[in-house]
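**Q** Below is a structure I'd like to ask you about.
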Amino acid sequence: MEALEAIQKRRSVRKFTGEIIPREHLEKIVNAGRLAATGSNRQPWDFIVVTNKAMIEKLSVVGEWMRTAGAIIVVLLDPYSTWWQEDGSAAIQNMLVASTALGYGSCWVEGDILPHEEEFKALLFVPKGKRLLALVPVGVPAEWPEVEKRPLESVLHWQVY
């Protein structure tokens, strides 16, 4: 799938079949995140790919729907960088698009995890000082949501607002 096609098709998928995702596909998805733009080329990220069903179950406390994901990618950042949140966001967007390009659904889960950050970091043996920015459940979609996006002409402005 071409990059622009994947960007146009990408949606937040929250219903998965539970099928296993091949390791090589998960590596391609994470590699897309690793290749994201980053302020001053700091690359302050680490990624944990969770495929163990018992661990997915524990992480799914923030969303029952995540239980059927084939994997959950845990996005960790080192906040020493001034732009760690922006860098992590760029990595996540790349992984969402890569997931779509490979035929998988995915979703960016951030706000709901904040109350569980320390719990999840302990569960995953995350070193002190790292921040848990997001979880990215990935899976074979049971359905592909049809969500209307605002039309280009309603958001695009030339020269001035």
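By convention in this document, the chains of the structure tokens carry letters A, B, ... by their order, each chain's residues are numbered from 1, and ligands are numbered from 1 in the order they are shown.
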DSSP says helix (DSSP H, G or I) for which residues of chain A? Put them as a ChimeraX atom specification?
**A** /A:3-9,23-34,39-41,53-62,64-68,84-101,111-123,152-155
**Q** Between segment 11-49 of chain A and segment 105-118 of chain A, at 7 Å or less, what are the per-residue closest atom pairs and their distances in Å? Count only C-alpha atoms, order by chain and rising residue number, and return it as CSV.
**A**
residue,atom,partner,partner_atom,distance
A:Ser12,CA,A:Cys107,CA,4.6
A:Val13,CA,A:Gly105,CA,5.1
A:Arg14,CA,A:Cys107,CA,6.8
**Q** Can I get the selected residues back with N, CA and C atoms, as a PDB file, in the first residue's frame?
**A**
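Generated output (selection-v6.pdb):
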ATOM      1  N   SER A  12      -8.914   4.577  13.766  1.00  0.00           N
ATOM      2  CA  SER A  12      -8.716   3.970  15.083  1.00  0.00           C
ATOM      3  C   SER A  12      -9.584   2.726  15.154  1.00  0.00           C
ATOM      4  N   VAL A  13      -8.933   1.572  15.149  1.00  0.00           N
ATOM      5  CA  VAL A  13      -9.632   0.283  15.162  1.00  0.00           C
ATOM      6  C   VAL A  13      -9.661  -0.233  16.597  1.00  0.00           C
ATOM      7  N   ARG A  14     -10.848  -0.601  17.060  1.00  0.00           N
ATOM      8  CA  ARG A  14     -11.018  -1.096  18.421  1.00  0.00           C
ATOM      9  C   ARG A  14     -11.701  -2.456  18.467  1.00  0.00           C
TER      10      ARG A  14
END
**Q** Can you tell me which residues surround Trp45 of chain A at a distance of at most 8 Å, considering only C-alpha atoms, apart from same-chain residues fewer than 6 positions away, and format the answer as a PyMOL selection string?
**A** chain A and resi 34+75-78+88
**Q** Residues as selected, N, CA and C atoms, written as a PDB file, in the first residue's frame, can you do that?
**A**
ATOM      1  N   ARG A  34      10.584   3.910  14.857  1.00  0.00           N
ATOM      2  CA  ARG A  34      11.989   4.245  15.099  1.00  0.00           C
ATOM      3  C   ARG A  34      12.520   5.248  14.085  1.00  0.00           C
ATOM      4  N   VAL A  75       4.881   2.371  24.209  1.00  0.00           N
ATOM      5  CA  VAL A  75       5.771   3.435  23.746  1.00  0.00           C
ATOM      6  C   VAL A  75       6.346   4.154  24.965  1.00  0.00           C
ATOM      7  N   LEU A  76       7.656   4.036  25.124  1.00  0.00           N
ATOM      8  CA  LEU A  76       8.372   4.637  26.249  1.00  0.00           C
ATOM      9  C   LEU A  76       9.269   5.746  25.750  1.00  0.00           C
ATOM     10  N   LEU A  77       9.381   6.811  26.519  1.00  0.00           N
ATOM     11  CA  LEU A  77      10.224   7.941  26.137  1.00  0.00           C
ATOM     12  C   LEU A  77      11.108   8.337  27.306  1.00  0.00           C
ATOM     13  N   ASP A  78      12.249   8.868  26.968  1.00  0.00           N
ATOM     14  CA  ASP A  78      13.154   9.426  27.966  1.00  0.00           C
ATOM     15  C   ASP A  78      12.926  10.933  27.962  1.00  0.00           C
ATOM     16  N   GLY A  88       7.681  11.240  20.500  1.00  0.00           N
ATOM     17  CA  GLY A  88       6.891  10.023  20.683  1.00  0.00           C
ATOM     18  C   GLY A  88       5.641  10.026  19.831  1.00  0.00           C
TER      19      GLY A  88
END
**Q** Might you pull out every residue within 10 Å of segment 17-24 of chain A, with only C-alpha atoms counted and same-chain residues fewer than 5 positions away left off, and present them as a PyMOL selection string?
**A** chain A and resi 29-30+49+51+53+66-71+104+138-143
**Q** Between A:Asn52, A:Gln85, A:Ser60, A:Asn41, single out the one closest to Lys130 of chain A, counting only C-alpha atoms.
**A** A:Gln85
**Q** Neighbours of Val74 of chain A within 9 Å (only C-alpha atoms; same-chain residues fewer than 6 positions away dropped), as a ChimeraX atom specification?
**A** /A:46-50,132-137
**Q** Write the selection just made, keeping N, CA and C atoms, as a compact mmCIF listing (two decimals), in the first residue's frame?
**A**
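After the write, result-v8.txt holds the following:
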# COMPACT_ATOMS: atom_id res chain seq x y z
N ASP A 46 11.90 4.00 23.32
CA ASP A 46 12.02 2.54 23.38
C ASP A 46 10.62 2.00 23.18
N PHE A 47 10.53 0.78 22.67
CA PHE A 47 9.25 0.16 22.40
C PHE A 47 9.26 -1.26 22.97
N ILE A 48 8.22 -1.62 23.66
CA ILE A 48 8.05 -3.00 24.14
C ILE A 48 6.87 -3.58 23.37
N VAL A 49 7.10 -4.69 22.67
CA VAL A 49 6.02 -5.36 21.95
C VAL A 49 5.51 -6.49 22.84
N VAL A 50 4.26 -6.40 23.22
CA VAL A 50 3.64 -7.39 24.09
C VAL A 50 2.71 -8.25 23.25
N LEU A 132 5.94 6.45 30.17
CA LEU A 132 5.05 5.66 29.33
C LEU A 132 4.12 6.64 28.63
N LEU A 133 4.32 6.82 27.33
CA LEU A 133 3.53 7.80 26.59
C LEU A 133 2.21 7.22 26.09
N ALA A 134 2.25 5.99 25.58
CA ALA A 134 1.04 5.43 24.98
C ALA A 134 1.14 3.93 24.84
N LEU A 135 -0.02 3.33 24.65
CA LEU A 135 -0.13 1.93 24.22
C LEU A 135 -0.72 1.97 22.82
N VAL A 136 -0.21 1.09 21.96
CA VAL A 136 -0.73 1.00 20.60
C VAL A 136 -1.15 -0.45 20.34
N PRO A 137 -2.43 -0.77 20.61
CA PRO A 137 -2.92 -2.10 20.26
C PRO A 137 -2.95 -2.26 18.74
**Q** Measuring between only C-alpha atoms, which one of A:Pro145, A:Pro44, A:Pro79, A:Gly63 shows the shortest distance to Ala91 of chain A?
**A**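 Closest candidate: A:Pro44.
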**Q** Here is a test: counting only C-alpha atoms, which residue of A:Ala54, A:Val97, A:Ser89, A:Leu26 is nearest to Ala3 of chain A?
**A**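 Smallest distance to Ala3 of chain A is found for A:Val97.
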**Q** Counting only C-alpha atoms, which residue out of A:Tyr80, A:Trp65, A:Phe125, A:Trp158 sits closest to Phe16 of chain A?
**A**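 The shortest atom-to-atom distance to Phe16 of chain A comes from A:Trp65.
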**Q** Out of segment 21-146 of chain A, which residues get strand (DSSP E) from DSSP, as a ChimeraX atom specification?
**A** /A:45-50,71-77,105-106,131-139
**Q** To one decimal place, how far is atom CA of Arg131 of chain A from atom CA of Ala90 of chain A in Å?
**A**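 Separating atom CA of Arg131 of chain A from atom CA of Ala90 of chain A is a distance of 15.7 Å.
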**Q** With only C-alpha atoms as the atoms that count, which of A:Trp84, A:Gln93, A:Lys15, A:Glu2 lies nearest to Leu35 of chain A?
**A**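 Counting only C-alpha atoms, the residue closest to Leu35 of chain A is A:Gln93.
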